[in-house]
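**Student:** Dropping in start31.pdb, which is PDB, C-alpha atoms and all ligand atoms:
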ATOM      1  CA  MET A   1     -61.468  -5.889-195.305  1.00  0.00           C
ATOM      2  CA  HIS A   2     -63.595  -6.701-192.309  1.00  0.00           C
ATOM      3  CA  LYS A   3     -66.769  -8.673-192.912  1.00  0.00           C
ATOM      4  CA  LEU A   4     -69.822  -9.954-191.105  1.00  0.00           C
ATOM      5  CA  PRO A   5     -69.137 -13.206-189.260  1.00  0.00           C
ATOM      6  CA  GLU A   6     -70.678 -16.442-190.479  1.00  0.00           C
ATOM      7  CA  LEU A   7     -73.510 -17.492-188.178  1.00  0.00           C
ATOM      8  CA  SER A   8     -73.716 -21.021-186.825  1.00  0.00           C
ATOM      9  CA  TYR A   9     -77.531 -20.906-187.019  1.00  0.00           C
ATOM     10  CA  ALA A  10     -80.218 -19.610-189.381  1.00  0.00           C
ATOM     11  CA  ARG A  11     -81.613 -16.100-188.943  1.00  0.00           C
ATOM     12  CA  ASP A  12     -84.999 -17.536-187.903  1.00  0.00           C
ATOM     13  CA  ALA A  13     -83.517 -20.150-185.573  1.00  0.00           C
ATOM     14  CA  LEU A  14     -83.816 -18.064-182.403  1.00  0.00           C
ATOM     15  CA  MET A  15     -87.597 -17.780-182.699  1.00  0.00           C
ATOM     16  CA  PRO A  16     -89.807 -17.366-180.767  1.00  0.00           C
ATOM     17  CA  HIS A  17     -87.419 -15.343-178.585  1.00  0.00           C
ATOM     18  CA  LEU A  18     -85.963 -13.233-181.433  1.00  0.00           C
ATOM     19  CA  SER A  19     -87.979 -12.892-184.641  1.00  0.00           C
ATOM     20  CA  GLU A  20     -86.446 -13.276-188.089  1.00  0.00           C
ATOM     21  CA  GLU A  21     -87.345  -9.634-188.799  1.00  0.00           C
ATOM     22  CA  SER A  22     -85.546  -8.440-185.689  1.00  0.00           C
ATOM     23  CA  PHE A  23     -82.515 -10.599-186.496  1.00  0.00           C
ATOM     24  CA  ASP A  24     -82.457  -9.393-190.094  1.00  0.00           C
ATOM     25  CA  PHE A  25     -82.417  -5.761-189.016  1.00  0.00           C
ATOM     26  CA  HIS A  26     -79.902  -6.265-186.248  1.00  0.00           C
ATOM     27  CA  TYR A  27     -77.424  -8.459-188.094  1.00  0.00           C
ATOM     28  CA  GLY A  28     -78.153  -7.466-191.683  1.00  0.00           C
ATOM     29  CA  LYS A  29     -78.570  -3.711-191.167  1.00  0.00           C
ATOM     30  CA  HIS A  30     -77.073  -2.500-187.866  1.00  0.00           C
ATOM     31  CA  HIS A  31     -74.086  -4.828-187.647  1.00  0.00           C
ATOM     32  CA  ALA A  32     -73.496  -4.656-191.395  1.00  0.00           C
ATOM     33  CA  ALA A  33     -73.434  -0.846-191.196  1.00  0.00           C
ATOM     34  CA  TYR A  34     -70.692  -0.903-188.548  1.00  0.00           C
ATOM     35  CA  VAL A  35     -68.614  -3.210-190.746  1.00  0.00           C
ATOM     36  CA  SER A  36     -69.152  -1.097-193.841  1.00  0.00           C
ATOM     37  CA  LYS A  37     -68.313   2.134-192.024  1.00  0.00           C
ATOM     38  CA  LEU A  38     -65.218   0.538-190.489  1.00  0.00           C
ATOM     39  CA  ASN A  39     -63.954  -0.500-193.904  1.00  0.00           C
ATOM     40  CA  ASP A  40     -64.521   3.035-195.195  1.00  0.00           C
ATOM     41  CA  LEU A  41     -62.583   4.507-192.259  1.00  0.00           C
ATOM     42  CA  LEU A  42     -59.705   2.066-192.757  1.00  0.00           C
ATOM     43  CA  ALA A  43     -59.245   2.671-196.478  1.00  0.00           C
ATOM     44  CA  ASP A  44     -55.535   3.525-196.936  1.00  0.00           C
ATOM     45  CA  HIS A  45     -55.146   3.643-193.144  1.00  0.00           C
ATOM     46  CA  GLU A  46     -52.005   2.375-191.377  1.00  0.00           C
ATOM     47  CA  TRP A  47     -54.247   0.079-189.301  1.00  0.00           C
ATOM     48  CA  SER A  48     -55.968  -1.477-192.321  1.00  0.00           C
ATOM     49  CA  ASN A  49     -54.265  -4.846-191.777  1.00  0.00           C
ATOM     50  CA  LEU A  50     -54.621  -5.031-187.989  1.00  0.00           C
ATOM     51  CA  PRO A  51     -56.688  -7.951-186.674  1.00  0.00           C
ATOM     52  CA  LEU A  52     -59.967  -6.756-185.159  1.00  0.00           C
ATOM     53  CA  GLU A  53     -59.050  -7.196-181.472  1.00  0.00           C
ATOM     54  CA  GLN A  54     -55.774  -5.298-181.918  1.00  0.00           C
ATOM     55  CA  LEU A  55     -57.632  -2.597-183.812  1.00  0.00           C
ATOM     56  CA  VAL A  56     -60.110  -2.176-180.932  1.00  0.00           C
ATOM     57  CA  VAL A  57     -57.304  -1.875-178.371  1.00  0.00           C
ATOM     58  CA  ALA A  58     -55.174   0.478-180.490  1.00  0.00           C
ATOM     59  CA  SER A  59     -58.053   2.796-181.371  1.00  0.00           C
ATOM     60  CA  ALA A  60     -59.266   2.898-177.738  1.00  0.00           C
ATOM     61  CA  LYS A  61     -55.926   4.439-176.781  1.00  0.00           C
ATOM     62  CA  THR A  62     -56.027   7.025-179.554  1.00  0.00           C
ATOM     63  CA  PRO A  63     -58.481   9.903-179.022  1.00  0.00           C
ATOM     64  CA  SER A  64     -58.335  10.928-182.692  1.00  0.00           C
ATOM     65  CA  ALA A  65     -59.450   7.410-183.698  1.00  0.00           C
ATOM     66  CA  LYS A  66     -62.811   7.539-181.905  1.00  0.00           C
ATOM     67  CA  ALA A  67     -64.824   6.758-185.042  1.00  0.00           C
ATOM     68  CA  ILE A  68     -62.621   3.745-185.825  1.00  0.00           C
ATOM     69  CA  PHE A  69     -62.959   2.566-182.214  1.00  0.00           C
ATOM     70  CA  ASN A  70     -66.741   2.897-182.226  1.00  0.00           C
ATOM     71  CA  ASN A  71     -67.199   0.890-185.412  1.00  0.00           C
ATOM     72  CA  ALA A  72     -64.475  -1.681-184.689  1.00  0.00           C
ATOM     73  CA  ALA A  73     -65.731  -2.284-181.152  1.00  0.00           C
ATOM     74  CA  GLN A  74     -69.345  -2.524-182.307  1.00  0.00           C
ATOM     75  CA  HIS A  75     -68.238  -5.103-184.919  1.00  0.00           C
ATOM     76  CA  TRP A  76     -66.430  -7.094-182.226  1.00  0.00           C
ATOM     77  CA  ASN A  77     -69.274  -6.753-179.700  1.00  0.00           C
ATOM     78  CA  HIS A  78     -71.934  -7.882-182.166  1.00  0.00           C
ATOM     79  CA  SER A  79     -69.848 -10.823-183.388  1.00  0.00           C
ATOM     80  CA  PHE A  80     -69.441 -11.830-179.739  1.00  0.00           C
ATOM     81  CA  PHE A  81     -73.179 -11.427-179.133  1.00  0.00           C
ATOM     82  CA  TRP A  82     -74.189 -13.724-182.033  1.00  0.00           C
ATOM     83  CA  ALA A  83     -71.764 -16.333-180.713  1.00  0.00           C
ATOM     84  CA  SER A  84     -73.171 -15.976-177.181  1.00  0.00           C
ATOM     85  CA  MET A  85     -76.513 -17.423-178.346  1.00  0.00           C
ATOM     86  CA  LYS A  86     -77.764 -20.635-179.891  1.00  0.00           C
ATOM     87  CA  PRO A  87     -81.140 -22.134-180.833  1.00  0.00           C
ATOM     88  CA  GLN A  88     -82.686 -23.873-177.808  1.00  0.00           C
ATOM     89  CA  GLY A  89     -80.146 -22.132-175.602  1.00  0.00           C
ATOM     90  CA  GLY A  90     -80.220 -21.732-171.848  1.00  0.00           C
ATOM     91  CA  GLY A  91     -80.819 -24.827-169.761  1.00  0.00           C
ATOM     92  CA  LYS A  92     -78.079 -27.009-168.356  1.00  0.00           C
ATOM     93  CA  ILE A  93     -74.753 -25.337-167.631  1.00  0.00           C
ATOM     94  CA  PRO A  94     -71.542 -27.353-168.012  1.00  0.00           C
ATOM     95  CA  PRO A  95     -70.670 -28.399-164.415  1.00  0.00           C
ATOM     96  CA  PRO A  96     -67.250 -26.666-164.221  1.00  0.00           C
ATOM     97  CA  LEU A  97     -68.812 -23.327-165.228  1.00  0.00           C
ATOM     98  CA  GLU A  98     -71.808 -23.909-162.951  1.00  0.00           C
ATOM     99  CA  GLU A  99     -69.417 -24.481-160.059  1.00  0.00           C
ATOM    100  CA  ARG A 100     -67.620 -21.195-160.762  1.00  0.00           C
ATOM    101  CA  LEU A 101     -70.951 -19.311-160.972  1.00  0.00           C
ATOM    102  CA  ASN A 102     -72.149 -20.860-157.710  1.00  0.00           C
ATOM    103  CA  LYS A 103     -68.864 -20.002-156.024  1.00  0.00           C
ATOM    104  CA  ARG A 104     -68.986 -16.372-157.128  1.00  0.00           C
ATOM    105  CA  PHE A 105     -72.698 -15.586-156.958  1.00  0.00           C
ATOM    106  CA  GLY A 106     -73.972 -18.070-154.359  1.00  0.00           C
ATOM    107  CA  GLN A 107     -76.185 -19.790-156.902  1.00  0.00           C
ATOM    108  CA  VAL A 108     -76.783 -19.670-160.643  1.00  0.00           C
ATOM    109  CA  GLU A 109     -80.247 -18.155-160.161  1.00  0.00           C
ATOM    110  CA  THR A 110     -78.655 -15.207-158.363  1.00  0.00           C
ATOM    111  CA  PHE A 111     -76.235 -14.689-161.231  1.00  0.00           C
ATOM    112  CA  MET A 112     -79.115 -14.762-163.726  1.00  0.00           C
ATOM    113  CA  ARG A 113     -81.159 -12.298-161.669  1.00  0.00           C
ATOM    114  CA  ASP A 114     -78.176  -9.956-161.260  1.00  0.00           C
ATOM    115  CA  PHE A 115     -77.320 -10.165-164.984  1.00  0.00           C
ATOM    116  CA  VAL A 116     -80.878  -9.149-165.934  1.00  0.00           C
ATOM    117  CA  ALA A 117     -80.855  -6.364-163.322  1.00  0.00           C
ATOM    118  CA  ALA A 118     -77.491  -5.007-164.492  1.00  0.00           C
ATOM    119  CA  GLY A 119     -78.543  -4.974-168.140  1.00  0.00           C
ATOM    120  CA  SER A 120     -81.864  -3.357-167.251  1.00  0.00           C
ATOM    121  CA  ALA A 121     -80.115  -0.641-165.221  1.00  0.00           C
ATOM    122  CA  GLN A 122     -77.600   0.273-167.945  1.00  0.00           C
ATOM    123  CA  PHE A 123     -78.619   3.842-168.790  1.00  0.00           C
ATOM    124  CA  GLY A 124     -78.955   4.351-172.515  1.00  0.00           C
ATOM    125  CA  SER A 125     -77.209   2.139-175.062  1.00  0.00           C
ATOM    126  CA  GLY A 126     -74.704  -0.505-174.068  1.00  0.00           C
ATOM    127  CA  TRP A 127     -73.908  -4.096-173.220  1.00  0.00           C
ATOM    128  CA  VAL A 128     -74.040  -6.444-170.228  1.00  0.00           C
ATOM    129  CA  TRP A 129     -71.260  -9.005-169.893  1.00  0.00           C
ATOM    130  CA  LEU A 130     -70.135 -11.976-167.895  1.00  0.00           C
ATOM    131  CA  VAL A 131     -66.386 -11.535-167.650  1.00  0.00           C
ATOM    132  CA  GLU A 132     -63.396 -13.047-165.938  1.00  0.00           C
ATOM    133  CA  LYS A 133     -61.044 -10.531-164.399  1.00  0.00           C
ATOM    134  CA  ASN A 134     -58.070 -11.380-162.173  1.00  0.00           C
ATOM    135  CA  GLY A 135     -59.312 -14.974-161.993  1.00  0.00           C
ATOM    136  CA  GLU A 136     -62.780 -13.974-160.743  1.00  0.00           C
ATOM    137  CA  LEU A 137     -66.112 -14.046-162.577  1.00  0.00           C
ATOM    138  CA  ASP A 138     -68.047 -10.797-162.629  1.00  0.00           C
ATOM    139  CA  ILE A 139     -70.981  -9.013-164.273  1.00  0.00           C
ATOM    140  CA  THR A 140     -70.120  -5.732-165.922  1.00  0.00           C
ATOM    141  CA  THR A 141     -71.885  -3.249-168.160  1.00  0.00           C
ATOM    142  CA  THR A 142     -70.382  -0.971-170.791  1.00  0.00           C
ATOM    143  CA  ALA A 143     -71.857   2.067-172.521  1.00  0.00           C
ATOM    144  CA  ASN A 144     -72.206   2.537-176.280  1.00  0.00           C
ATOM    145  CA  ALA A 145     -69.376   0.598-178.003  1.00  0.00           C
ATOM    146  CA  ASP A 146     -67.137   0.038-174.973  1.00  0.00           C
ATOM    147  CA  ASN A 147     -66.142  -3.516-174.136  1.00  0.00           C
ATOM    148  CA  PRO A 148     -63.958  -5.570-171.764  1.00  0.00           C
ATOM    149  CA  LEU A 149     -61.053  -5.768-174.246  1.00  0.00           C
ATOM    150  CA  THR A 150     -59.945  -2.335-173.056  1.00  0.00           C
ATOM    151  CA  GLN A 151     -60.571  -3.038-169.367  1.00  0.00           C
ATOM    152  CA  GLY A 152     -58.222  -5.945-168.734  1.00  0.00           C
ATOM    153  CA  ALA A 153     -61.086  -8.406-168.544  1.00  0.00           C
ATOM    154  CA  ARG A 154     -61.904 -11.496-170.583  1.00  0.00           C
ATOM    155  CA  ALA A 155     -65.447 -11.600-171.986  1.00  0.00           C
ATOM    156  CA  LEU A 156     -67.362 -14.862-171.595  1.00  0.00           C
ATOM    157  CA  LEU A 157     -70.820 -13.858-172.799  1.00  0.00           C
ATOM    158  CA  VAL A 158     -72.698 -10.697-173.680  1.00  0.00           C
ATOM    159  CA  CYS A 159     -76.182  -9.367-174.279  1.00  0.00           C
ATOM    160  CA  ASP A 160     -76.780  -6.271-176.411  1.00  0.00           C
ATOM    161  CA  VAL A 161     -79.023  -3.760-174.618  1.00  0.00           C
ATOM    162  CA  TRP A 162     -79.139  -1.117-177.347  1.00  0.00           C
ATOM    163  CA  GLU A 163     -82.810  -0.485-178.153  1.00  0.00           C
ATOM    164  CA  HIS A 164     -82.250  -1.808-181.679  1.00  0.00           C
ATOM    165  CA  ALA A 165     -81.577  -5.243-180.100  1.00  0.00           C
ATOM    166  CA  TYR A 166     -85.061  -5.714-178.687  1.00  0.00           C
ATOM    167  CA  TYR A 167     -87.454  -2.975-179.748  1.00  0.00           C
ATOM    168  CA  LEU A 168     -89.081  -4.811-182.667  1.00  0.00           C
ATOM    169  CA  ASP A 169     -89.907  -7.854-180.515  1.00  0.00           C
ATOM    170  CA  TYR A 170     -90.167  -6.475-176.986  1.00  0.00           C
ATOM    171  CA  ARG A 171     -90.864  -2.748-177.462  1.00  0.00           C
ATOM    172  CA  ASN A 172     -89.613  -1.043-174.297  1.00  0.00           C
ATOM    173  CA  ALA A 173     -89.517  -4.220-172.149  1.00  0.00           C
ATOM    174  CA  ARG A 174     -85.728  -4.562-171.873  1.00  0.00           C
ATOM    175  CA  PRO A 175     -85.912  -6.728-168.693  1.00  0.00           C
ATOM    176  CA  GLN A 176     -88.147  -9.247-170.512  1.00  0.00           C
ATOM    177  CA  PHE A 177     -85.660  -9.454-173.389  1.00  0.00           C
ATOM    178  CA  LEU A 178     -82.785  -9.980-170.955  1.00  0.00           C
ATOM    179  CA  SER A 179     -84.732 -12.665-169.119  1.00  0.00           C
ATOM    180  CA  ARG A 180     -85.431 -14.521-172.384  1.00  0.00           C
ATOM    181  CA  PHE A 181     -81.759 -14.165-173.340  1.00  0.00           C
ATOM    182  CA  ILE A 182     -80.431 -15.693-170.133  1.00  0.00           C
ATOM    183  CA  ASN A 183     -83.108 -18.414-169.935  1.00  0.00           C
ATOM    184  CA  HIS A 184     -83.615 -19.431-173.572  1.00  0.00           C
ATOM    185  CA  LEU A 185     -80.883 -18.049-175.839  1.00  0.00           C
ATOM    186  CA  VAL A 186     -77.552 -18.110-174.038  1.00  0.00           C
ATOM    187  CA  ASP A 187     -74.990 -20.669-175.189  1.00  0.00           C
ATOM    188  CA  TRP A 188     -73.536 -21.890-171.888  1.00  0.00           C
ATOM    189  CA  GLY A 189     -71.214 -24.267-173.708  1.00  0.00           C
ATOM    190  CA  GLU A 190     -69.597 -21.362-175.538  1.00  0.00           C
ATOM    191  CA  ALA A 191     -69.170 -19.366-172.295  1.00  0.00           C
ATOM    192  CA  SER A 192     -67.583 -22.427-170.704  1.00  0.00           C
ATOM    193  CA  ARG A 193     -65.216 -22.947-173.634  1.00  0.00           C
ATOM    194  CA  ARG A 194     -64.114 -19.337-173.363  1.00  0.00           C
ATOM    195  CA  LEU A 195     -63.578 -19.564-169.604  1.00  0.00           C
ATOM    196  CA  PHE A 196     -61.509 -22.729-169.753  1.00  0.00           C
ATOM    197  CA  ALA A 197     -59.683 -22.039-173.021  1.00  0.00           C
ATOM    198  CA  LYS A 198     -55.922 -21.714-172.737  1.00  0.00           C
ATOM    199  CA  PRO A 199     -54.976 -18.012-173.009  1.00  0.00           C
TER     200      PRO A 199
HETATM  201 FE   FE2 B   1     -76.759  -4.203-181.574  1.00  0.00          FE
END
Give the structure from this file in structure tokens form.
**Tutor:**
Amino acid sequence: MHKLPELSYARDALMPHLSEESFDFHYGKHHAAYVSKLNDLLADHEWSNLPLEQLVVASAKTPSAKAIFNNAAQHWNHSFFWASMKPQGGGKIPPPLEERLNKRFGQVETFMRDFVAAGSAQFGSGWVWLVEKNGELDITTTANADNPLTQGARALLVCDVWEHAYYLDYRNARPQFLSRFINHLVDWGEASRRLFAKP
């Protein structure tokens, strides 16, 4: 049985950038629904014991398993999103990660601007990621439930740009939500740990 991940912070701990109401709906309703639906789809299924990442990859390759992919990938994406944030996030970047961002994007501010622009330009529902692919950092966007696991890239951080992620707090102002995410919510330490973790 898949289940919602434990959070390392309280549901009201990301205020004032994400309200408790918004967090409750997003984590407690939207994410919980993906998990519940996934468990329903996997009842008596040959993949019922697969770890989540393997399930995402296997279902992505199997056209008849689209519903399993959508719910498994959305479970993985949301779990990754919660872990990409922390209370009093943003701010100082661990120097080794900062160096890599400067090397790739010229300066951190350019990365942050490009990340907000990419997430704002994603048409419809999706996600904006910082990834490492072939040893290089990059910004990528995915539509709906898609994610870097199926694209040969390693995810370092993500922001959810589905309307349900920001509409209660920001209405239609997706760029403002993305700007708050990258300046005040992102957990740079977690992104750095992921980048420098042994494969
Ligand atoms: Fe979401």
**Student:** Evaluate the PyMOL selection byres (((chain A and resi 5-14) around 7) and not hetatm) and record the selected residues as a PyMOL selection string, following the chain and residue labels used in the document.
**Tutor:** chain A and resi 3-4+15-20+23-24+79+87
**Student:** When distances are computed from all atoms listed in the file, which of A:Arg113, A:Ala191, A:Lys61, A:Ala33 shows the smallest separation from ligand FE2 1 (chain B)?
**Tutor:**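 Selected residue with least distance to ligand FE2 1 (chain B): A:Ala33.
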**Student:** Give the residue list for ligand FE2 1 (chain B) at 7 Å, counting all atoms listed in the file, as a count of residues only, sorted by chain and then by residue number.
**Tutor:** 8
**Student:** Name the residues, using the chain letters and numbers of the file, that sit within 12 Å of (-83.7, -14.4, -174.4) when counting all atoms listed in the file, and give them as a PyMOL selection string.
**Tutor:** chain A and resi 14-19+81+84-91+112+116+158-161+165-166+169-170+173-187
**Student:** For the file shown, report as a PDB file with C-alpha atoms, in the coordinates of the input the outcome of the PyMOL selection byres (((chain A and resi 68) around 8) and not hetatm) at residue level.
**Tutor:**
ATOM      1  CA  LEU A  38     -65.218   0.538-190.489  1.00  0.00           C
ATOM      2  CA  LEU A  41     -62.583   4.507-192.259  1.00  0.00           C
ATOM      3  CA  LEU A  42     -59.705   2.066-192.757  1.00  0.00           C
ATOM      4  CA  SER A  59     -58.053   2.796-181.371  1.00  0.00           C
ATOM      5  CA  ALA A  65     -59.450   7.410-183.698  1.00  0.00           C
ATOM      6  CA  LYS A  66     -62.811   7.539-181.905  1.00  0.00           C
ATOM      7  CA  ALA A  67     -64.824   6.758-185.042  1.00  0.00           C
ATOM      8  CA  PHE A  69     -62.959   2.566-182.214  1.00  0.00           C
ATOM      9  CA  ASN A  70     -66.741   2.897-182.226  1.00  0.00           C
ATOM     10  CA  ASN A  71     -67.199   0.890-185.412  1.00  0.00           C
ATOM     11  CA  ALA A  72     -64.475  -1.681-184.689  1.00  0.00           C
TER      12      ALA A  72
END
